[in-house]
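With mmCIF, C-alpha atoms and all ligand atoms inside, this is target16.cif:
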data_my_file
#
loop_
_atom_site.label_atom_id
_atom_site.label_comp_id
_atom_site.auth_asym_id
_atom_site.auth_seq_id
_atom_site.Cartn_x
_atom_site.Cartn_y
_atom_site.Cartn_z
CA MET A 78 -9.06 0.47 -23.34
CA LYS A 79 -12.37 1.18 -25.04
CA VAL A 80 -15.71 0.87 -23.28
CA ARG A 81 -19.08 0.90 -25.02
CA PHE A 82 -22.50 0.75 -23.38
CA TRP A 83 -25.07 -1.48 -25.13
CA GLY A 84 -27.61 -1.67 -22.31
CA VAL A 85 -27.81 0.58 -19.25
CA ARG A 86 -31.29 -0.14 -17.87
CA GLY A 87 -31.93 -2.19 -14.73
CA SER A 88 -34.57 -4.80 -13.90
CA VAL A 89 -36.60 -4.98 -17.13
CA PRO A 90 -36.30 -3.56 -20.67
CA SER A 91 -38.12 -0.25 -20.88
CA PRO A 92 -38.33 0.95 -24.49
CA GLY A 93 -40.59 3.85 -25.41
CA PRO A 94 -40.65 7.54 -26.24
CA ASN A 95 -39.62 8.57 -22.71
CA THR A 96 -36.43 6.49 -22.60
CA VAL A 97 -34.97 7.02 -26.08
CA ARG A 98 -32.01 9.13 -24.99
CA TYR A 99 -30.62 6.79 -22.32
CA GLY A 100 -32.06 3.62 -23.82
CA GLY A 101 -34.25 0.78 -22.61
CA ASN A 102 -32.00 -2.29 -22.98
CA THR A 103 -30.79 -4.15 -19.90
CA PRO A 104 -27.11 -4.37 -18.85
CA CYS A 105 -24.40 -5.09 -21.38
CA VAL A 106 -21.02 -3.34 -21.61
CA GLU A 107 -18.32 -4.03 -24.19
CA ILE A 108 -14.68 -3.65 -23.13
CA ARG A 109 -11.88 -3.86 -25.70
CA ALA A 110 -8.27 -3.98 -24.61
CA GLY A 111 -5.10 -5.44 -26.11
CA GLY A 112 -7.02 -6.62 -29.16
CA ARG A 113 -9.36 -8.71 -27.00
CA LEU A 114 -13.11 -8.43 -26.56
CA MET A 115 -14.64 -8.71 -23.12
CA ILE A 116 -18.31 -8.22 -22.27
CA ALA A 117 -19.84 -7.47 -18.89
CA ASP A 118 -23.31 -9.00 -18.59
CA ALA A 119 -25.70 -10.29 -21.21
CA GLY A 120 -28.86 -8.25 -20.78
CA THR A 121 -30.90 -7.39 -23.86
CA GLY A 122 -28.17 -4.94 -24.97
CA ILE A 123 -26.03 -7.89 -26.07
CA ARG A 124 -28.36 -8.57 -29.02
CA ALA A 125 -27.28 -5.44 -30.93
CA LEU A 126 -23.66 -6.00 -29.90
CA GLY A 127 -23.84 -9.49 -31.45
CA GLU A 128 -25.17 -8.10 -34.71
CA ALA A 129 -22.42 -5.45 -34.78
CA LEU A 130 -19.78 -8.14 -34.23
CA VAL A 131 -21.12 -10.29 -37.06
CA ARG A 132 -20.93 -7.27 -39.40
CA GLU A 133 -17.46 -6.27 -38.19
CA ARG A 134 -15.92 -9.76 -38.49
CA ALA A 135 -17.58 -10.49 -41.85
CA GLY A 136 -17.32 -14.28 -41.56
CA ALA A 137 -14.07 -14.40 -39.55
CA PRO A 138 -14.31 -16.10 -36.14
CA ILE A 139 -15.67 -13.97 -33.31
CA GLU A 140 -13.82 -14.41 -30.01
CA ALA A 141 -15.63 -13.03 -26.97
CA HIS A 142 -15.22 -13.39 -23.21
CA VAL A 143 -18.56 -12.77 -21.52
CA PHE A 144 -18.54 -12.13 -17.76
CA ILE A 145 -21.90 -12.58 -16.03
CA GLY A 146 -22.03 -10.79 -12.66
CA HIS A 147 -25.17 -12.62 -11.60
CA THR A 148 -27.96 -14.53 -13.27
CA HIS A 149 -31.01 -12.37 -12.58
CA TRP A 150 -33.07 -12.12 -15.78
CA ASP A 151 -32.02 -8.59 -16.66
CA HIS A 152 -28.34 -9.68 -16.82
CA ILE A 153 -28.74 -12.83 -18.92
CA GLN A 154 -31.88 -12.40 -20.98
CA GLY A 155 -30.11 -11.24 -24.15
CA LEU A 156 -27.81 -14.25 -24.32
CA PRO A 157 -30.11 -16.51 -26.40
CA PHE A 158 -30.26 -13.63 -28.93
CA PHE A 159 -26.45 -13.17 -29.18
CA ALA A 160 -25.86 -13.95 -32.87
CA PRO A 161 -22.24 -15.20 -32.51
CA LEU A 162 -23.58 -18.16 -30.50
CA TYR A 163 -25.30 -19.42 -33.67
CA ARG A 164 -22.05 -19.52 -35.71
CA ALA A 165 -19.87 -22.62 -35.43
CA GLU A 166 -16.64 -20.65 -35.92
CA SER A 167 -17.24 -18.39 -32.88
CA LEU A 168 -15.10 -18.80 -29.77
CA ILE A 169 -17.31 -17.77 -26.85
CA THR A 170 -16.42 -18.21 -23.19
CA LEU A 171 -19.01 -17.48 -20.51
CA TYR A 172 -17.71 -16.74 -17.00
CA GLY A 173 -19.78 -16.65 -13.82
CA LEU A 174 -19.81 -17.57 -10.17
CA PRO A 175 -20.72 -21.10 -9.13
CA GLY A 176 -24.43 -21.13 -8.22
CA THR A 177 -25.49 -22.05 -4.71
CA THR A 178 -27.92 -24.76 -5.82
CA LYS A 179 -26.95 -25.40 -9.46
CA ALA A 180 -23.84 -25.12 -11.61
CA PHE A 181 -23.40 -21.84 -13.54
CA GLN A 182 -23.96 -23.62 -16.88
CA GLU A 183 -27.18 -25.19 -15.60
CA VAL A 184 -28.53 -21.85 -14.37
CA LEU A 185 -27.91 -20.26 -17.79
CA ALA A 186 -29.43 -23.25 -19.58
CA GLY A 187 -32.58 -22.85 -17.48
CA GLN A 188 -33.71 -19.80 -19.46
CA MET A 189 -33.50 -21.86 -22.66
CA SER A 190 -35.60 -24.78 -21.43
CA SER A 191 -38.50 -25.50 -23.77
CA ALA A 192 -41.04 -23.78 -21.50
CA TYR A 193 -39.28 -20.46 -22.19
CA PHE A 194 -37.37 -20.70 -25.46
CA PRO A 195 -37.50 -22.68 -28.74
CA VAL A 196 -33.76 -23.39 -29.20
CA ARG A 197 -31.99 -25.82 -26.88
CA PRO A 198 -28.61 -24.79 -25.40
CA GLU A 199 -27.00 -27.88 -26.93
CA ASP A 200 -28.07 -26.64 -30.38
CA LEU A 201 -25.98 -23.45 -30.15
CA ALA A 202 -23.49 -23.93 -33.00
CA ALA A 203 -20.68 -22.08 -31.19
CA LYS A 204 -20.67 -24.60 -28.31
CA PRO A 205 -19.73 -21.93 -25.73
CA VAL A 206 -17.33 -22.83 -22.95
CA HIS A 207 -18.60 -22.19 -19.40
CA VAL A 208 -16.09 -21.23 -16.73
CA GLU A 209 -16.90 -20.94 -13.03
CA LEU A 210 -14.74 -18.19 -11.56
CA ARG A 211 -12.10 -19.30 -9.06
CA GLY A 212 -9.56 -16.49 -9.39
CA PRO A 213 -8.24 -13.78 -11.73
CA VAL A 214 -8.73 -14.45 -15.45
CA PRO A 215 -6.00 -13.47 -17.94
CA ILE A 216 -7.39 -12.47 -21.36
CA GLY A 217 -4.30 -11.94 -23.52
CA ASP A 218 -2.46 -9.01 -21.90
CA ALA A 219 -5.60 -7.97 -20.03
CA ARG A 220 -6.70 -9.24 -16.64
CA VAL A 221 -10.14 -9.60 -15.11
CA THR A 222 -10.67 -9.90 -11.37
CA TYR A 223 -13.91 -10.18 -9.43
CA HIS A 224 -15.28 -9.27 -6.03
CA TYR A 225 -18.51 -10.33 -4.31
CA LEU A 226 -21.22 -7.69 -4.08
CA ASN A 227 -24.21 -7.29 -1.75
CA HIS A 228 -27.25 -8.39 -3.74
CA PRO A 229 -29.84 -11.18 -3.32
CA GLY A 230 -28.32 -14.32 -4.85
CA VAL A 231 -24.61 -14.64 -5.57
CA THR A 232 -23.25 -11.58 -7.38
CA ALA A 233 -19.83 -10.42 -8.52
CA GLY A 234 -18.43 -7.11 -9.70
CA PHE A 235 -15.59 -7.14 -12.23
CA ARG A 236 -12.42 -5.17 -12.73
CA PHE A 237 -10.92 -5.09 -16.23
CA GLU A 238 -7.26 -4.03 -16.42
CA HIS A 239 -4.89 -3.53 -19.30
CA ALA A 240 -1.69 -1.50 -19.77
CA GLY A 241 -2.25 0.61 -16.67
CA ARG A 242 -5.92 1.34 -17.43
CA SER A 243 -8.87 -0.04 -15.51
CA ALA A 244 -12.64 -0.19 -15.66
CA CYS A 245 -14.61 -1.48 -12.69
CA TYR A 246 -18.14 -2.82 -13.24
CA LEU A 247 -20.35 -3.05 -10.13
CA SER A 248 -23.91 -4.19 -10.80
CA ASP A 249 -26.02 -4.98 -8.80
CA HIS A 250 -25.08 -3.79 -5.31
CA GLU A 251 -26.47 -2.29 -2.11
CA PRO A 252 -24.09 -0.74 0.43
CA TYR A 253 -23.62 -3.17 3.33
CA SER A 254 -23.72 -0.44 5.95
CA ARG A 255 -27.23 0.57 4.85
CA LEU A 256 -28.60 -2.76 6.05
CA ASN A 257 -29.50 -3.78 9.57
CA ALA A 258 -27.70 -1.70 12.13
CA GLY A 259 -24.45 -1.46 10.19
CA GLY A 260 -21.51 -2.34 12.42
CA GLU A 261 -17.92 -3.45 12.03
CA PHE A 262 -18.56 -6.34 9.64
CA MET A 263 -20.62 -4.14 7.30
CA ASP A 264 -17.97 -1.39 7.37
CA LYS A 265 -15.26 -3.90 6.50
CA GLU A 266 -17.26 -5.24 3.56
CA ASP A 267 -17.91 -1.71 2.22
CA ALA A 268 -14.21 -0.90 2.57
CA ALA A 269 -13.36 -4.07 0.63
CA VAL A 270 -15.63 -3.02 -2.27
CA ALA A 271 -13.96 0.41 -2.30
CA ARG A 272 -10.52 -1.24 -2.35
CA PHE A 273 -11.61 -3.41 -5.27
CA ALA A 274 -12.56 -0.28 -7.25
CA ALA A 275 -9.60 1.79 -6.01
CA ASP A 276 -8.13 4.27 -8.50
CA ALA A 277 -10.13 2.90 -11.44
CA ASP A 278 -10.15 5.12 -14.51
CA LEU A 279 -13.84 4.34 -14.78
CA MET A 280 -16.26 2.94 -12.23
CA ILE A 281 -19.55 1.76 -13.74
CA CYS A 282 -21.89 1.42 -10.81
CA GLU A 283 -25.53 0.66 -10.46
CA SER A 284 -27.38 3.63 -8.99
CA GLN A 285 -30.95 2.60 -9.40
CA TYR A 286 -32.65 4.86 -6.89
CA THR A 287 -33.01 8.40 -5.66
CA PRO A 288 -32.42 8.65 -1.89
CA ASP A 289 -36.22 8.81 -1.33
CA GLU A 290 -36.88 5.72 -3.41
CA TYR A 291 -34.11 3.86 -1.60
CA ARG A 292 -35.74 4.41 1.77
CA GLN A 293 -38.79 2.50 0.53
CA ARG A 294 -36.79 -0.31 -1.09
CA ARG A 295 -34.12 -1.05 1.45
CA GLY A 296 -32.92 -4.66 1.21
CA TRP A 297 -33.78 -5.05 -2.48
CA GLY A 298 -30.07 -5.09 -3.37
CA HIS A 299 -29.72 -1.71 -5.07
CA SER A 300 -28.12 1.66 -4.36
CA ALA A 301 -29.13 5.28 -4.17
CA PHE A 302 -26.91 7.59 -6.20
CA GLU A 303 -25.66 9.43 -3.09
CA ASP A 304 -24.20 6.16 -1.77
CA VAL A 305 -22.64 5.40 -5.13
CA LEU A 306 -20.90 8.77 -5.00
CA GLU A 307 -19.61 7.95 -1.48
CA LEU A 308 -18.16 4.71 -2.82
CA ALA A 309 -16.57 6.52 -5.78
CA LEU A 310 -15.03 9.14 -3.47
CA ARG A 311 -13.72 6.48 -1.13
CA ALA A 312 -12.24 4.50 -4.05
CA LYS A 313 -10.82 7.70 -5.62
CA VAL A 314 -11.94 6.70 -9.11
CA ARG A 315 -11.42 9.09 -12.03
CA ARG A 316 -14.86 8.84 -13.64
CA LEU A 317 -18.16 7.51 -12.40
CA ALA A 318 -20.82 6.13 -14.76
CA LEU A 319 -24.26 5.87 -13.16
CA PHE A 320 -25.77 2.66 -14.49
CA HIS A 321 -28.70 0.18 -14.19
CA HIS A 322 -31.23 3.02 -14.41
CA ASP A 323 -34.60 2.30 -12.86
CA PRO A 324 -37.20 1.33 -15.52
CA ALA A 325 -39.57 3.92 -14.02
CA HIS A 326 -37.07 6.75 -14.60
CA ASP A 327 -37.62 8.59 -17.87
CA ASP A 328 -34.90 10.59 -19.64
CA ALA A 329 -35.74 13.78 -17.74
CA LYS A 330 -35.49 12.01 -14.38
CA ILE A 331 -32.10 10.51 -15.27
CA ASP A 332 -30.89 13.98 -16.36
CA GLU A 333 -31.94 15.23 -12.93
CA ILE A 334 -30.10 12.43 -11.11
CA GLU A 335 -27.00 12.97 -13.24
CA GLN A 336 -26.97 16.69 -12.48
CA ALA A 337 -27.56 16.22 -8.74
CA CYS A 338 -24.80 13.61 -8.49
CA ALA A 339 -22.33 15.60 -10.63
CA LYS A 340 -22.94 18.72 -8.56
CA ALA A 341 -22.41 16.83 -5.28
CA SER A 342 -19.22 15.31 -6.66
CA ALA A 343 -17.83 18.66 -7.86
CA ALA A 344 -18.53 20.20 -4.44
CA ARG A 345 -16.31 17.57 -2.85
CA GLY A 346 -13.56 17.47 -5.49
CA GLY A 347 -14.82 14.06 -6.65
CA PRO A 348 -14.80 12.27 -9.98
CA GLU A 349 -16.46 13.32 -13.22
CA VAL A 350 -19.99 11.89 -13.09
CA PHE A 351 -22.32 10.97 -15.95
CA ALA A 352 -25.36 8.78 -16.44
CA ALA A 353 -24.44 6.00 -18.91
CA ARG A 354 -26.31 6.04 -22.22
CA GLU A 355 -26.88 3.22 -24.67
CA GLY A 356 -24.42 3.64 -27.56
CA GLN A 357 -22.00 5.77 -25.56
CA GLU A 358 -18.32 4.97 -26.12
CA LEU A 359 -15.35 5.99 -23.96
CA THR A 360 -11.60 5.63 -24.37
CA LEU A 361 -9.71 5.21 -21.11
ZN ZN B 1 -30.10 -6.01 -12.33
ZN ZN B 2 -30.05 -8.36 -9.75
#

Mind turning this structure into structure tokens?
Ligand SMILES: [Zn+2]
Ligand SMILES: [Zn+2]
Amino acid sequence: MKVRFWGVRGSVPSPGPNTVRYGGNTPCVEIRAGGRLMIADAGTGIRALGEALVRERAGAPIEAHVFIGHTHWDHIQGLPFFAPLYRAESLITLYGLPGTTKAFQEVLAGQMSSAYFPVRPEDLAAKPVHVELRGPVPIGDARVTYHYLNHPGVTAGFRFEHAGRSACYLSDHEPYSRLNAGGEFMDKEDAAVARFAADADLMICESQYTPDEYRQRRGWGHSAFEDVLELALRAKVRRLALFHHDPAHDDAKIDEIEQACAKASAARGGPEVFAAREGQELTL
């Protein structure tokens, strides 16, 4: 299984001289396994991925399975700029949770209404297929499962598995037990998230805040890196990628968070920890 990060930034694109090393594009992760291409989220990072795919396939059909964890702007905004959607021979499937007020397809189409975008969804030459998730999805020999996360709106995390390897993608999420007074229900929900990520070779997890920042933004649906480490320890994952970096964090700040989290993990015999960078590729 190969994993490549195309966008690692949370909330809003943040290009500029202070974010060049980690990158300013919003969430998009490419997963290749068993000859199949899967994509987690369609933030602005998916634009460059689309261009790379067009070059790689050189006119041959592009088959891609795009899993959208939730439809906040930062996770879908790159989709209208995904070049394979403008090629009739592409085979694109978009997976997401059913919306609470609108169908998944309708929610995605909303960002392409004429008030926001010049091309209509029905004019996309690839005619993508929309699938509302109802259970595990087989992609060739690979398998994708999902689990609900704690974030405003309906949000899923994904687990990609193939030939004994697994990558778990959790974005966006706030630990349940951090909210209200905690309690049995919250503990059960946190345990269920840890079970979902259990023994993953790689856990990609949003870790937007420092502990201090979290205290001021409780209830916004994001995590502090210390809680992400707790989850990784509980799930006994092999590697932890800190992800969905706060747009206000420059490269030096992310270095600092990476070092603090890696040190805390090493002290407890935990997983290898790194802050995900745009362009970074891993083989699991
Ligand atoms: Zn987000
Ligand atoms: Zn969100």

>> as a PyMOL selection string, please: every protein or nucleic acid residue near ligand ZN 2 (chain B) (cut-off 8 Å, counting only C-alpha atoms and all ligand atoms).
In response: chain A and resi 88+147-152+228-230+232+248-249+298

> Distance atom CA of A:Cys282-atom CA of A:Met189, one decimal place?
Replying inline: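 Atom CA of A:Met189 lies 28.6 Å from atom CA of A:Cys282.
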
> Smallest atom-to-atom distance to A:Thr170: which of A:Asp267, A:Asp276, A:Asp289, A:Glu209, using all atoms listed in the file?
Replying inline: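 Among the listed residues, the smallest separation from A:Thr170 belongs to A:Glu209.
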
>> List as a list in words the protein and nucleic acid residues near A:Arg197, meaning an atom at most 12 Å away when all atoms listed in the file are counted, but skip any in the same chain fewer than 2 places from it.
In response: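 With the cut-off at 12 Å, the set is Pro157, Leu162, Tyr163, Leu185, Ala186, Gly187, Gln188, Met189, Ser190, Ser191, Ala192, Tyr193, Phe194, Pro195, Glu199, Asp200, Leu201, Ala202 and Lys204 of chain A.
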
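Residue nearest A:Val106, chosen from A:Glu307, A:Asp218, A:Asp118, A:Glu128 and counting only C-alpha atoms: A:Asp118.
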
Do you know which residues are at most 10 Å from A:Glu266 counting only C-alpha atoms, after dropping those on the same chain fewer than 6 positions away, and could you put them as a compact mmCIF listing (two decimals) with C-alpha atoms, keeping the file's coordinate frame?
# COMPACT_ATOMS: atom_id res chain seq x y z
CA TYR A 225 -18.51 -10.33 -4.31
CA LEU A 226 -21.22 -7.69 -4.08
CA ASN A 227 -24.21 -7.29 -1.75
CA PRO A 252 -24.09 -0.74 0.43
CA TYR A 253 -23.62 -3.17 3.33
CA SER A 254 -23.72 -0.44 5.95
CA ARG A 272 -10.52 -1.24 -2.35

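Here atom CA of A:Arg124 and atom CA of A:Phe302 stand 28.0 Å from one another.
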
Report, as JSON, the axis-aligned box around all atoms of stretch 95-106 of chain A present in the file, extended by 3 Å on each side; give centre and edge lengths in Å to one decimal place.
{"center_x": -30.3, "center_y": 2.0, "center_z": -22.5, "size_x": 24.6, "size_y": 20.2, "size_z": 13.2}

>> Rounded to one decimal, what separation in Å do you get between atom CA of A:Glu166 and atom CA of A:Leu359?
In response: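 Value for the atom CA of A:Glu166-atom CA of A:Leu359 distance: 29.2 Å.
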
>> Calculated over all atoms listed in the file, which of the candidates A:Phe181, A:Thr360, A:Thr222, A:Tyr286 has the smallest distance to A:Lys330?
In response: A:Tyr286

>> Residues proximal to (-15.8, -10.4, -21.4) were defined as those with any atom within 6 Å of that point in the file's coordinates, counting only C-alpha atoms. Which are they, as an NGL selection string?
In response: :A and (115-117 or 142-144)

> Using only C-alpha atoms, what residues lie at most 12 Å away from (-18.3, 0.3, 5.2) (file coordinates), given as a ChimeraX atom specification?
Replying inline: /A:227,251-256,258-272,304,307-308,311-312
